Amino acid sequence: RLSETLAITELQHHGRSPSTLESVMGKFSKRDSSEIIQPVRSVVPIQQHSGFLGVMPAYLTAEGILCTKMVAFYQRAEGSSLPSTQATVLLFHPEHGNVTAIMDGEAITAKRTAAVSAISAKLFKPALSEVLCILGSGQQARSHYDVFTKLFKFKEVRLWSRRKEMAQRFVNDLQDPVTVCSSVKEAVIGADVIVTATGASQPILFGEWVKPGAHIAAVGACRPDWRELDDVLMREAVVYVDSREGATAESGDIILSGAEVFAELGEVINGSFPAQHEKTTVFKSLGMGIQDAVSAKLVLEKWNSEY
């Protein structure tokens with residue numbers, strides 16, 4: 001429950017001082033190893049069972065945070081009741097190395113990912129953004145819906161999912177109206193902000209359907225041979241990432257399209273690169289250990305203050 005409030009409380013700064021997530025991403029993009037140590041995610045493929053295990057350590061010296069997340073991602077068969085992503089976050093005492101907290105990482109992963117996507121939308125979305133489109137109906141889709149509809153005012157929200165029963169279950173849990181679309185094209189035509197949170201391994205979103213000037217937060221396709229976005233969209237949009245090293249090692253959307261990365265989100269936060277919100281923009285999110293680290297610390301601090 002505490003982690004469910006994380007993304008919202010983190011972004012209530014909206015337009016004022018930077019949130020903790022913004023600050024730490026800005027620090028990361030300065031590449032000062034005395035401030036932040038975060039290697040590229042280590043991945044163990046589990047091909048026999050269509051999955052992989054990722055390990056994401058991070059050390060933030062000024063904040064005194066030593067953390068690692070272990071995340072298992074599996075491509076589930078249709079109809080499976082198991083989540084595609086399962087995660088555990090460990091916090092360590094940076095001086096002594098002992099474990100200080102063990103947390104279920106699923107909610108932290110969902111909420112911090114949505115919070116970072118919302119930071120990208122704050123920076124890159126069109127000034128007049130009336131239509132939000134979400135592709136997917138899993139935990140990340142719901143987390144993005146919760147954060148985006150609380151922070152931004154949209155007149156219309158559209159949803160598409162490969163599994164229509166999942167899409168219907170998604171909207172049945174909501175109080176506000178959401179339109180379930182029968183195709184990706186129907187969902188994205190005219191949308192100002194598009195979130196792709198699917199398990200797709202081949203492109204489902206095509207540049208010819210995307211409104212000029214729209215912003216896309218792409219959070220699925222986290223392997224070098226998986227994609228959600230086609231070549232046209234990737235090559236014509238201004239592409240931002242959370243980490244250049246992570247994107248060039250793990251993002252099939254970038255690797256397979258040959259798209260050029262314009263900047264990291266942290267570089268825009270730092271002011272070293274502009275936010276080209278007048279153009280079509282893509283923020284390719286792969287997730288970073290530093291995001292889990294500061295999020296876990298915030299959750300632990302809130303827990304300690306309430307219990």
# chains A, B, ... in the order shown; residues from 1 in each chain; ligands from 1

$ closest_atom_pairs --of "region 173-291 of chain A" --to "region 160-166 of chain A" --cutoff "12 Å" --atoms "only C-alpha atoms" --output "CSV"
residue,atom,partner,partner_atom,distance
A:Asp173,CA,A:Met166,CA,11.0
A:Val178,CA,A:Trp160,CA,10.2
A:Thr179,CA,A:Trp160,CA,8.6
A:Val180,CA,A:Trp160,CA,5.9
A:Cys181,CA,A:Trp160,CA,5.3
A:Ser182,CA,A:Trp160,CA,6.7
A:Ser183,CA,A:Trp160,CA,6.6
A:Val184,CA,A:Trp160,CA,6.2
A:Lys185,CA,A:Trp160,CA,9.4
A:Glu186,CA,A:Trp160,CA,8.8
A:Ala187,CA,A:Trp160,CA,6.4
A:Val188,CA,A:Trp160,CA,9.1
A:Ile194,CA,A:Trp160,CA,11.0
A:Val195,CA,A:Trp160,CA,10.5
A:Thr196,CA,A:Trp160,CA,9.8
A:Ala197,CA,A:Ser161,CA,9.6
A:Thr198,CA,A:Ser161,CA,8.1
A:Gly199,CA,A:Arg162,CA,9.5
A:Ala200,CA,A:Arg162,CA,9.5
A:Ile204,CA,A:Arg162,CA,10.2
A:Leu205,CA,A:Trp160,CA,11.4

$ write_last_selection --atoms "all heavy atoms" --output "tab-separated table (two decimals), in the first residue's frame"
chain	number	residue	atom	x	y	z
A	173	ASP	N	-12.75	-2.14	-13.32
A	173	ASP	CA	-12.22	-1.77	-12.00
A	173	ASP	C	-12.12	-0.26	-11.81
A	173	ASP	O	-11.74	0.21	-10.73
A	173	ASP	CB	-10.82	-2.38	-11.81
A	173	ASP	CG	-10.88	-3.88	-11.63
A	173	ASP	OD1	-11.94	-4.39	-11.25
A	173	ASP	OD2	-9.84	-4.53	-11.86
A	178	VAL	N	-13.28	4.74	-19.71
A	178	VAL	CA	-12.16	4.41	-20.58
A	178	VAL	C	-12.74	3.66	-21.78
A	178	VAL	O	-13.52	2.72	-21.61
A	178	VAL	CB	-11.10	3.54	-19.87
A	178	VAL	CG1	-10.03	3.07	-20.85
A	178	VAL	CG2	-10.47	4.31	-18.72
A	179	THR	N	-12.32	4.05	-22.97
A	179	THR	CA	-12.82	3.41	-24.19
A	179	THR	C	-11.93	2.23	-24.55
A	179	THR	O	-10.71	2.40	-24.72
A	179	THR	CB	-12.83	4.40	-25.37
A	179	THR	OG1	-13.64	5.53	-25.03
A	179	THR	CG2	-13.36	3.74	-26.63
A	180	VAL	N	-12.50	1.04	-24.66
A	180	VAL	CA	-11.76	-0.14	-25.09
A	180	VAL	C	-11.83	-0.21	-26.61
A	180	VAL	O	-12.92	-0.24	-27.19
A	180	VAL	CB	-12.34	-1.43	-24.47
A	180	VAL	CG1	-11.60	-2.65	-25.01
A	180	VAL	CG2	-12.23	-1.39	-22.96
A	181	CYS	N	-10.66	-0.22	-27.25
A	181	CYS	CA	-10.58	-0.21	-28.71
A	181	CYS	C	-10.28	-1.62	-29.23
A	181	CYS	O	-9.61	-2.40	-28.58
A	181	CYS	CB	-9.51	0.76	-29.18
A	181	CYS	SG	-9.83	2.48	-28.69
A	182	SER	N	-10.78	-1.90	-30.42
A	182	SER	CA	-10.64	-3.24	-30.98
A	182	SER	C	-9.32	-3.44	-31.72
A	182	SER	O	-8.94	-4.56	-32.03
A	182	SER	CB	-11.81	-3.54	-31.94
A	182	SER	OG	-11.85	-2.57	-32.97
A	183	SER	N	-8.60	-2.33	-32.01
A	183	SER	CA	-7.32	-2.44	-32.70
A	183	SER	C	-6.37	-1.36	-32.18
A	183	SER	O	-6.81	-0.34	-31.63
A	183	SER	CB	-7.49	-2.27	-34.21
A	183	SER	OG	-7.86	-0.93	-34.53
A	184	VAL	N	-5.08	-1.60	-32.38
A	184	VAL	CA	-4.08	-0.60	-31.98
A	184	VAL	C	-4.30	0.67	-32.78
A	184	VAL	O	-4.25	1.79	-32.24
A	184	VAL	CB	-2.65	-1.13	-32.18
A	184	VAL	CG1	-1.62	-0.05	-31.91
A	184	VAL	CG2	-2.40	-2.35	-31.30
A	185	LYS	N	-4.55	0.53	-34.06
A	185	LYS	CA	-4.75	1.70	-34.92
A	185	LYS	C	-5.89	2.56	-34.42
A	185	LYS	O	-5.76	3.80	-34.32
A	185	LYS	CB	-5.01	1.25	-36.37
A	185	LYS	CG	-5.16	2.41	-37.35
A	185	LYS	CD	-5.35	1.89	-38.76
A	185	LYS	CE	-5.50	3.05	-39.75
A	185	LYS	NZ	-5.67	2.57	-41.14
A	186	GLU	N	-7.00	1.95	-34.10
A	186	GLU	CA	-8.15	2.69	-33.58
A	186	GLU	C	-7.79	3.43	-32.29
A	186	GLU	O	-8.21	4.56	-32.06
A	186	GLU	CB	-9.31	1.73	-33.32
A	186	GLU	CG	-10.55	2.39	-32.73
A	186	GLU	CD	-11.60	1.37	-32.28
A	186	GLU	OE1	-11.45	0.17	-32.59
A	186	GLU	OE2	-12.56	1.79	-31.61
A	187	ALA	N	-6.99	2.77	-31.45
A	187	ALA	CA	-6.64	3.36	-30.15
A	187	ALA	C	-5.70	4.56	-30.28
A	187	ALA	O	-5.83	5.53	-29.52
A	187	ALA	CB	-5.99	2.30	-29.27
A	188	VAL	N	-4.76	4.51	-31.23
A	188	VAL	CA	-3.70	5.53	-31.25
A	188	VAL	C	-3.97	6.69	-32.20
A	188	VAL	O	-3.35	7.75	-32.05
A	188	VAL	CB	-2.33	4.90	-31.59
A	188	VAL	CG1	-1.98	3.82	-30.60
A	188	VAL	CG2	-2.29	4.36	-33.00
A	194	ILE	N	0.89	8.35	-25.74
A	194	ILE	CA	0.70	6.91	-25.92
A	194	ILE	C	1.65	6.17	-25.00
A	194	ILE	O	2.85	6.45	-25.00
A	194	ILE	CB	0.96	6.49	-27.39
A	194	ILE	CG1	0.04	7.26	-28.34
A	194	ILE	CG2	0.78	4.98	-27.56
A	194	ILE	CD1	0.44	7.12	-29.82
A	195	VAL	N	1.13	5.24	-24.23
A	195	VAL	CA	1.95	4.37	-23.38
A	195	VAL	C	1.90	2.97	-23.97
A	195	VAL	O	0.81	2.43	-24.18
A	195	VAL	CB	1.43	4.34	-21.93
A	195	VAL	CG1	2.21	3.31	-21.10
A	195	VAL	CG2	1.52	5.72	-21.29
A	196	THR	N	3.05	2.38	-24.26
A	196	THR	CA	3.09	0.99	-24.72
A	196	THR	C	3.66	0.14	-23.59
A	196	THR	O	4.80	0.28	-23.19
A	196	THR	CB	3.95	0.83	-25.99
A	196	THR	OG1	5.31	1.20	-25.71
A	196	THR	CG2	3.43	1.71	-27.12
A	197	ALA	N	2.81	-0.72	-23.06
A	197	ALA	CA	3.19	-1.57	-21.93
A	197	ALA	C	2.72	-2.99	-22.22
A	197	ALA	O	1.87	-3.55	-21.53
A	197	ALA	CB	2.58	-1.05	-20.64
A	198	THR	N	3.27	-3.57	-23.27
A	198	THR	CA	2.82	-4.87	-23.75
A	198	THR	C	3.93	-5.90	-23.65
A	198	THR	O	5.09	-5.57	-23.38
A	198	THR	CB	2.38	-4.79	-25.23
A	198	THR	OG1	3.54	-4.67	-26.07
A	198	THR	CG2	1.45	-3.60	-25.47
A	199	GLY	N	3.58	-7.14	-23.90
A	199	GLY	CA	4.56	-8.21	-23.97
A	199	GLY	C	4.97	-8.51	-25.39
A	199	GLY	O	5.49	-9.60	-25.68
A	200	ALA	N	4.79	-7.56	-26.29
A	200	ALA	CA	5.06	-7.79	-27.72
A	200	ALA	C	6.55	-8.02	-27.98
A	200	ALA	O	7.40	-7.41	-27.34
A	200	ALA	CB	4.57	-6.60	-28.54
A	204	ILE	N	3.97	-3.43	-32.77
A	204	ILE	CA	2.51	-3.30	-32.78
A	204	ILE	C	2.08	-1.85	-33.04
A	204	ILE	O	0.95	-1.60	-33.43
A	204	ILE	CB	1.90	-3.77	-31.45
A	204	ILE	CG1	2.47	-2.97	-30.28
A	204	ILE	CG2	2.09	-5.27	-31.24
A	204	ILE	CD1	1.66	-3.08	-29.01
A	205	LEU	N	3.01	-0.90	-32.82
A	205	LEU	CA	2.71	0.52	-33.02
A	205	LEU	C	3.51	1.02	-34.22
A	205	LEU	O	4.74	0.91	-34.24
A	205	LEU	CB	3.07	1.32	-31.77
A	205	LEU	CG	2.81	2.83	-31.84
A	205	LEU	CD1	1.34	3.13	-32.09
A	205	LEU	CD2	3.29	3.51	-30.55

$ residues_around --residues "Val268 (chain A)" --least-positions-apart "3" --cutoff "10 Å" --atoms "only C-alpha atoms" --output "number ranges by chain"
A: 25-26, 29, 120, 123, 240, 263-265, 271-276

$ closest_atom_pairs --of "region 196-256 of chain A" --to "region 53-77 of chain A" --cutoff "12 Å" --atoms "only C-alpha atoms" --output "tab-separated table"
residue	atom	partner	partner_atom	distance
A:Thr198	CA	A:Gln75	CA	10.7
A:Gly199	CA	A:Gln75	CA	7.2
A:Ala200	CA	A:Gln75	CA	9.4
A:Ser201	CA	A:Gln75	CA	9.9
A:Gly220	CA	A:Phe73	CA	11.3
A:Ala221	CA	A:Phe73	CA	11.1
A:Cys222	CA	A:Phe73	CA	9.6
A:Arg223	CA	A:Phe73	CA	10.5
A:Trp226	CA	A:Gln75	CA	11.6
A:Gly246	CA	A:Met56	CA	11.4
A:Glu250	CA	A:Gly54	CA	11.6

$ atom_distance --atom1 "CA of Leu82 (chain A)" --atom2 "CA of Ala247 (chain A)"
27.5 Å

$ closest_residue --among "A:Ser34, A:Ser84, A:Met103, A:Phe283" --to "Gly51 (chain A)" --atoms "only C-alpha atoms"
A:Ser84

$ atom_distance --atom1 "CA of Arg227 (chain A)" --atom2 "CA of His215 (chain A)"
17.4 Å

$ residues_around --residues "Thr281 (chain A)" --least-positions-apart "2" --cutoff "6 Å" --atoms "only C-alpha atoms" --output "VMD selection string"
chain A and resid 215 237 to 239

$ atom_distance --atom1 "CA of Glu156 (chain A)" --atom2 "CA of Ala191 (chain A)"
9.1 Å

$ select_by_dssp --residues "region 18-109 of chain A" --states "alpha helix (DSSP H)" --output "number ranges by chain"
A: 20-29, 105-109

$ write_last_selection --atoms "N, CA and C atoms" --output "mmCIF file, in the first residue's frame"
data_model
loop_
_atom_site.group_PDB
_atom_site.id
_atom_site.type_symbol
_atom_site.label_atom_id
_atom_site.label_comp_id
_atom_site.auth_asym_id
_atom_site.auth_seq_id
_atom_site.Cartn_x
_atom_site.Cartn_y
_atom_site.Cartn_z
ATOM 1 N N THR A 20 12.744 13.327 -6.209
ATOM 2 C CA THR A 20 13.920 12.508 -5.935
ATOM 3 C C THR A 20 14.320 11.717 -7.168
ATOM 4 N N LEU A 21 13.336 11.164 -7.879
ATOM 5 C CA LEU A 21 13.640 10.395 -9.082
ATOM 6 C C LEU A 21 14.289 11.272 -10.145
ATOM 7 N N GLU A 22 13.766 12.475 -10.331
ATOM 8 C CA GLU A 22 14.371 13.395 -11.299
ATOM 9 C C GLU A 22 15.810 13.729 -10.911
ATOM 10 N N SER A 23 16.011 14.031 -9.639
ATOM 11 C CA SER A 23 17.350 14.406 -9.179
ATOM 12 C C SER A 23 18.360 13.293 -9.394
ATOM 13 N N VAL A 24 17.976 12.055 -9.070
ATOM 14 C CA VAL A 24 18.933 10.963 -9.176
ATOM 15 C C VAL A 24 19.215 10.618 -10.641
ATOM 16 N N MET A 25 18.223 10.784 -11.522
ATOM 17 C CA MET A 25 18.473 10.542 -12.941
ATOM 18 C C MET A 25 19.371 11.622 -13.529
ATOM 19 N N GLY A 26 19.209 12.857 -13.034
ATOM 20 C CA GLY A 26 20.119 13.915 -13.448
ATOM 21 C C GLY A 26 21.540 13.636 -13.002
ATOM 22 N N LYS A 27 21.704 13.148 -11.779
ATOM 23 C CA LYS A 27 23.044 12.791 -11.284
ATOM 24 C C LYS A 27 23.643 11.673 -12.123
ATOM 25 N N PHE A 28 22.843 10.669 -12.449
ATOM 26 C CA PHE A 28 23.347 9.542 -13.245
ATOM 27 C C PHE A 28 23.908 10.025 -14.573
ATOM 28 N N SER A 29 23.215 10.941 -15.217
ATOM 29 C CA SER A 29 23.634 11.407 -16.540
ATOM 30 C C SER A 29 24.889 12.267 -16.509
ATOM 31 N N GLY A 105 9.166 -6.507 -4.953
ATOM 32 C CA GLY A 105 9.549 -5.480 -5.919
ATOM 33 C C GLY A 105 8.539 -5.213 -7.012
ATOM 34 N N GLU A 106 7.426 -5.945 -7.038
ATOM 35 C CA GLU A 106 6.487 -5.778 -8.152
ATOM 36 C C GLU A 106 5.841 -4.397 -8.141
ATOM 37 N N ALA A 107 5.323 -3.992 -6.976
ATOM 38 C CA ALA A 107 4.679 -2.682 -6.904
ATOM 39 C C ALA A 107 5.692 -1.561 -7.084
ATOM 40 N N ILE A 108 6.878 -1.722 -6.491
ATOM 41 C CA ILE A 108 7.926 -0.705 -6.658
ATOM 42 C C ILE A 108 8.287 -0.562 -8.132
ATOM 43 N N THR A 109 8.456 -1.692 -8.827
ATOM 44 C CA THR A 109 8.788 -1.651 -10.254
ATOM 45 C C THR A 109 7.708 -0.933 -11.047
#

$ select_by_dssp --residues "region 47-277 of chain A" --states "strand (DSSP E or B)" --output "PyMOL selection string"
chain A and resi 51-60+65-74+85-92+99-104+131-135+156-160+179-180+193-196+205+215-218+229+238-241+261-264
